[in-house]
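Have a look at coords.pdb below; it lists PDB, C-alpha atoms, pLDDT in the B column.
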```pdb
ATOM      1  CA  MET A 200     158.714 106.671 132.661  1.00 68.00           C
ATOM      2  CA  ASN A 201     156.311 106.214 129.742  1.00 74.00           C
ATOM      3  CA  THR A 202     156.777 102.842 128.051  1.00 79.00           C
ATOM      4  CA  ALA A 203     154.079 103.168 125.360  1.00 81.00           C
ATOM      5  CA  ARG A 204     154.970 101.639 122.005  1.00 87.00           C
ATOM      6  CA  ILE A 205     154.132 103.345 118.742  1.00 87.00           C
ATOM      7  CA  THR A 206     153.315 101.046 115.841  1.00 90.00           C
ATOM      8  CA  HIS A 207     153.330 102.312 112.266  1.00 91.00           C
ATOM      9  CA  VAL A 208     150.167 101.456 110.326  1.00 90.00           C
ATOM     10  CA  GLU A 209     149.959 101.884 106.557  1.00 92.00           C
ATOM     11  CA  PRO A 210     146.893 103.876 105.477  1.00 89.00           C
ATOM     12  CA  ALA A 211     144.373 102.065 103.291  1.00 88.00           C
ATOM     13  CA  LEU A 212     140.995 102.923 101.818  1.00 81.00           C
ATOM     14  CA  ASP A 213     137.979 100.705 102.329  1.00 78.00           C
ATOM     15  CA  ALA A 214     134.953 100.304 100.054  1.00 75.00           C
ATOM     16  CA  GLY A 215     133.336 103.405 101.545  1.00 69.00           C
ATOM     17  CA  MET A 216     129.712 104.083 102.341  1.00 64.00           C
ATOM     18  CA  ALA A 217     128.462 104.690  98.800  1.00 64.00           C
ATOM     19  CA  ASP A 218     129.131 103.665  95.234  1.00 70.00           C
ATOM     20  CA  GLN A 219     129.492 107.278  94.159  1.00 74.00           C
ATOM     21  CA  VAL A 220     130.926 110.573  95.314  1.00 80.00           C
ATOM     22  CA  VAL A 221     128.460 112.713  97.260  1.00 83.00           C
ATOM     23  CA  THR A 222     128.913 116.472  97.582  1.00 86.00           C
ATOM     24  CA  GLY A 223     127.185 118.119 100.530  1.00 89.00           C
ATOM     25  CA  LEU A 224     125.593 121.561 100.332  1.00 92.00           C
ATOM     26  CA  ILE A 225     124.421 123.799 103.162  1.00 95.00           C
ATOM     27  CA  ALA A 226     122.033 126.399 101.742  1.00 92.00           C
ATOM     28  CA  LEU A 227     119.729 129.072 103.085  1.00 90.00           C
ATOM     29  CA  SER A 228     116.048 128.154 102.965  1.00 88.00           C
ATOM     30  CA  THR A 229     115.423 131.117 100.639  1.00 86.00           C
ATOM     31  CA  ASP A 230     118.046 129.978  98.120  1.00 88.00           C
ATOM     32  CA  VAL A 231     116.233 128.156  95.338  1.00 84.00           C
ATOM     33  CA  VAL A 232     118.993 128.231  92.702  1.00 91.00           C
ATOM     34  CA  THR A 233     122.271 126.991  94.215  1.00 90.00           C
ATOM     35  CA  GLU A 234     121.296 123.331  94.620  1.00 89.00           C
ATOM     36  CA  TYR A 235     119.994 123.173  91.037  1.00 90.00           C
ATOM     37  CA  GLU A 236     123.172 124.796  89.673  1.00 91.00           C
ATOM     38  CA  LEU A 237     125.431 122.519  91.719  1.00 88.00           C
ATOM     39  CA  ARG A 238     123.707 119.463  90.232  1.00 86.00           C
ATOM     40  CA  LYS A 239     124.252 120.878  86.740  1.00 88.00           C
ATOM     41  CA  LEU A 240     127.992 121.417  87.441  1.00 87.00           C
ATOM     42  CA  LEU A 241     128.624 117.856  88.620  1.00 83.00           C
ATOM     43  CA  PRO A 242     128.766 114.930  86.203  1.00 80.00           C
ATOM     44  CA  SER A 243     125.467 113.053  86.037  1.00 75.00           C
ATOM     45  CA  ASP A 244     127.100 109.650  86.492  1.00 79.00           C
ATOM     46  CA  GLY A 245     129.083 108.866  89.597  1.00 75.00           C
ATOM     47  CA  ALA A 246     128.350 112.047  91.556  1.00 79.00           C
ATOM     48  CA  GLY A 247     125.462 112.854  93.855  1.00 81.00           C
ATOM     49  CA  THR A 248     124.420 115.779  96.011  1.00 85.00           C
ATOM     50  CA  SER A 249     122.978 116.071  99.464  1.00 87.00           C
ATOM     51  CA  ALA A 250     121.468 119.385 100.571  1.00 90.00           C
ATOM     52  CA  THR A 251     120.527 120.765 103.964  1.00 92.00           C
ATOM     53  CA  ARG A 252     118.511 123.951 104.346  1.00 92.00           C
ATOM     54  CA  ILE A 253     119.059 126.502 107.105  1.00 91.00           C
ATOM     55  CA  PRO A 254     115.906 128.412 108.118  1.00 89.00           C
ATOM     56  CA  THR A 255     116.117 132.111 107.275  1.00 84.00           C
ATOM     57  CA  ASP A 256     113.993 135.105 108.206  1.00 77.00           C
ATOM     58  CA  HIS A 257     112.939 135.977 104.647  1.00 66.00           C
ATOM     59  CA  ALA A 258     111.720 139.485 105.552  1.00 58.00           C
ATOM     60  CA  ARG A 259     115.152 140.613 106.787  1.00 63.00           C
ATOM     61  CA  PHE A 260     116.619 140.294 103.277  1.00 59.00           C
ATOM     62  CA  PHE A 261     114.249 142.904 101.901  1.00 59.00           C
ATOM     63  CA  GLU A 262     114.547 145.631 104.556  1.00 60.00           C
TER
END
```

Please render this file's structure as structure tokens.
Amino acid sequence: MNTARITHVEPALDAGMADQVVTGLIALSTDVVTEYELRKLLPSDGAGTSATRIPTDHARFFE
């Protein structure tokens, strides 16, 4: 017989890792516009962006 006890814990937020909200973006390496436009959409105070580029075979887009 299983005698494990389940204890209820109230959820709570801590101070977090940063002072501001950070929005992550995964973009193709050939995309030069999306990151710029995302930064323009977000408020300049209290919001940051972090971008990662995925390598892309540029020639395949123009076949």

task: Just the residues within 10 Å of Ser228 of chain A, please, counting only C-alpha atoms, with nothing from its chain fewer than 2 positions along; format it as a ChimeraX atom specification.
output: /A:225-226,230-231,251-257

Of A:Glu209, A:Asn201, A:Ala214, A:Val221, the one sitting nearest Ala246 of chain A when using all atoms listed in the file is A:Val221

For this session: List the residues matched by the PyMOL selection byres ((chain A and resi 222) around 8) in the displayed structure as a ChimeraX atom specification, ordered by chain and then by residue number.
Result: /A:220-221,223-224,246-249

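Taking atom CA of Ala211 of chain A and atom CA of Ser243 of chain A as the two end points, the separation is 27.9 Å.
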
Box centre and edge lengths (Å, one decimal), axis-aligned, segment 237-241 of chain A plus 6 Å each side, as AutoDock Vina command-line options:
```
--center_x 126.2 --center_y 120.2 --center_z 89.2 --size_x 16.9 --size_y 16.7 --size_z 17.0
```

Kindly give the distance, in Å, that separates atom CA of Gln219 of chain A and atom CA of Gly245 of chain A, rounded to a single decimal.
->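 Separation of atom CA of Gln219 of chain A and atom CA of Gly245 of chain A: 4.8 Å.
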
Can you take the partial segment 227-248 of chain A, add N, CA and C atoms, and return it as a PDB file, keeping the file's coordinate frame?
```pdb
ATOM      1  N   LEU A 227     120.794 128.356 102.392  1.00 90.00           N
ATOM      2  CA  LEU A 227     119.729 129.072 103.085  1.00 90.00           C
ATOM      3  C   LEU A 227     118.383 128.602 102.550  1.00 90.00           C
ATOM      4  N   SER A 228     117.368 128.625 103.387  1.00 88.00           N
ATOM      5  CA  SER A 228     116.048 128.154 102.965  1.00 88.00           C
ATOM      6  C   SER A 228     115.468 129.000 101.840  1.00 88.00           C
ATOM      7  N   THR A 229     115.921 130.238 101.700  1.00 86.00           N
ATOM      8  CA  THR A 229     115.423 131.117 100.639  1.00 86.00           C
ATOM      9  C   THR A 229     116.166 130.933  99.324  1.00 86.00           C
ATOM     10  N   ASP A 230     117.243 130.178  99.332  1.00 88.00           N
ATOM     11  CA  ASP A 230     118.046 129.978  98.120  1.00 88.00           C
ATOM     12  C   ASP A 230     117.456 128.837  97.299  1.00 88.00           C
ATOM     13  N   VAL A 231     116.879 129.173  96.163  1.00 84.00           N
ATOM     14  CA  VAL A 231     116.233 128.156  95.338  1.00 84.00           C
ATOM     15  C   VAL A 231     117.051 127.805  94.097  1.00 84.00           C
ATOM     16  N   VAL A 232     118.221 128.414  93.926  1.00 91.00           N
ATOM     17  CA  VAL A 232     118.993 128.231  92.702  1.00 91.00           C
ATOM     18  C   VAL A 232     120.263 127.406  92.907  1.00 91.00           C
ATOM     19  N   THR A 233     120.947 127.582  94.024  1.00 90.00           N
ATOM     20  CA  THR A 233     122.271 126.991  94.215  1.00 90.00           C
ATOM     21  C   THR A 233     122.278 125.470  94.084  1.00 90.00           C
ATOM     22  N   GLU A 234     121.324 124.797  94.695  1.00 89.00           N
ATOM     23  CA  GLU A 234     121.296 123.331  94.620  1.00 89.00           C
ATOM     24  C   GLU A 234     121.109 122.867  93.174  1.00 89.00           C
ATOM     25  N   TYR A 235     120.220 123.508  92.447  1.00 90.00           N
ATOM     26  CA  TYR A 235     119.994 123.173  91.037  1.00 90.00           C
ATOM     27  C   TYR A 235     121.269 123.369  90.222  1.00 90.00           C
ATOM     28  N   GLU A 236     121.951 124.507  90.429  1.00 91.00           N
ATOM     29  CA  GLU A 236     123.172 124.796  89.673  1.00 91.00           C
ATOM     30  C   GLU A 236     124.300 123.843  90.036  1.00 91.00           C
ATOM     31  N   LEU A 237     124.405 123.476  91.306  1.00 88.00           N
ATOM     32  CA  LEU A 237     125.431 122.519  91.719  1.00 88.00           C
ATOM     33  C   LEU A 237     125.227 121.185  91.007  1.00 88.00           C
ATOM     34  N   ARG A 238     123.987 120.732  90.916  1.00 86.00           N
ATOM     35  CA  ARG A 238     123.707 119.463  90.232  1.00 86.00           C
ATOM     36  C   ARG A 238     124.051 119.540  88.752  1.00 86.00           C
ATOM     37  N   LYS A 239     123.899 120.708  88.150  1.00 88.00           N
ATOM     38  CA  LYS A 239     124.252 120.878  86.740  1.00 88.00           C
ATOM     39  C   LYS A 239     125.771 120.878  86.542  1.00 88.00           C
ATOM     40  N   LEU A 240     126.529 121.366  87.535  1.00 87.00           N
ATOM     41  CA  LEU A 240     127.992 121.417  87.441  1.00 87.00           C
ATOM     42  C   LEU A 240     128.633 120.038  87.564  1.00 87.00           C
ATOM     43  N   LEU A 241     128.042 119.174  88.373  1.00 83.00           N
ATOM     44  CA  LEU A 241     128.624 117.856  88.620  1.00 83.00           C
ATOM     45  C   LEU A 241     128.249 116.895  87.501  1.00 83.00           C
ATOM     46  N   PRO A 242     129.111 115.925  87.220  1.00 80.00           N
ATOM     47  CA  PRO A 242     128.766 114.930  86.203  1.00 80.00           C
ATOM     48  C   PRO A 242     127.540 114.125  86.644  1.00 80.00           C
ATOM     49  N   SER A 243     126.709 113.748  85.695  1.00 75.00           N
ATOM     50  CA  SER A 243     125.467 113.053  86.037  1.00 75.00           C
ATOM     51  C   SER A 243     125.703 111.610  86.481  1.00 75.00           C
ATOM     52  N   ASP A 244     126.812 111.020  86.067  1.00 79.00           N
ATOM     53  CA  ASP A 244     127.100 109.650  86.492  1.00 79.00           C
ATOM     54  C   ASP A 244     128.245 109.649  87.498  1.00 79.00           C
ATOM     55  N   GLY A 245     128.021 109.002  88.614  1.00 75.00           N
ATOM     56  CA  GLY A 245     129.083 108.866  89.597  1.00 75.00           C
ATOM     57  C   GLY A 245     129.214 109.995  90.595  1.00 75.00           C
ATOM     58  N   ALA A 246     128.290 110.962  90.583  1.00 79.00           N
ATOM     59  CA  ALA A 246     128.350 112.047  91.556  1.00 79.00           C
ATOM     60  C   ALA A 246     126.943 112.393  92.007  1.00 79.00           C
ATOM     61  N   GLY A 247     126.763 112.499  93.310  1.00 81.00           N
ATOM     62  CA  GLY A 247     125.462 112.854  93.855  1.00 81.00           C
ATOM     63  C   GLY A 247     125.572 114.078  94.735  1.00 81.00           C
ATOM     64  N   THR A 248     124.435 114.631  95.116  1.00 85.00           N
ATOM     65  CA  THR A 248     124.420 115.779  96.011  1.00 85.00           C
ATOM     66  C   THR A 248     123.494 115.505  97.178  1.00 85.00           C
TER      67      THR A 248
END
```
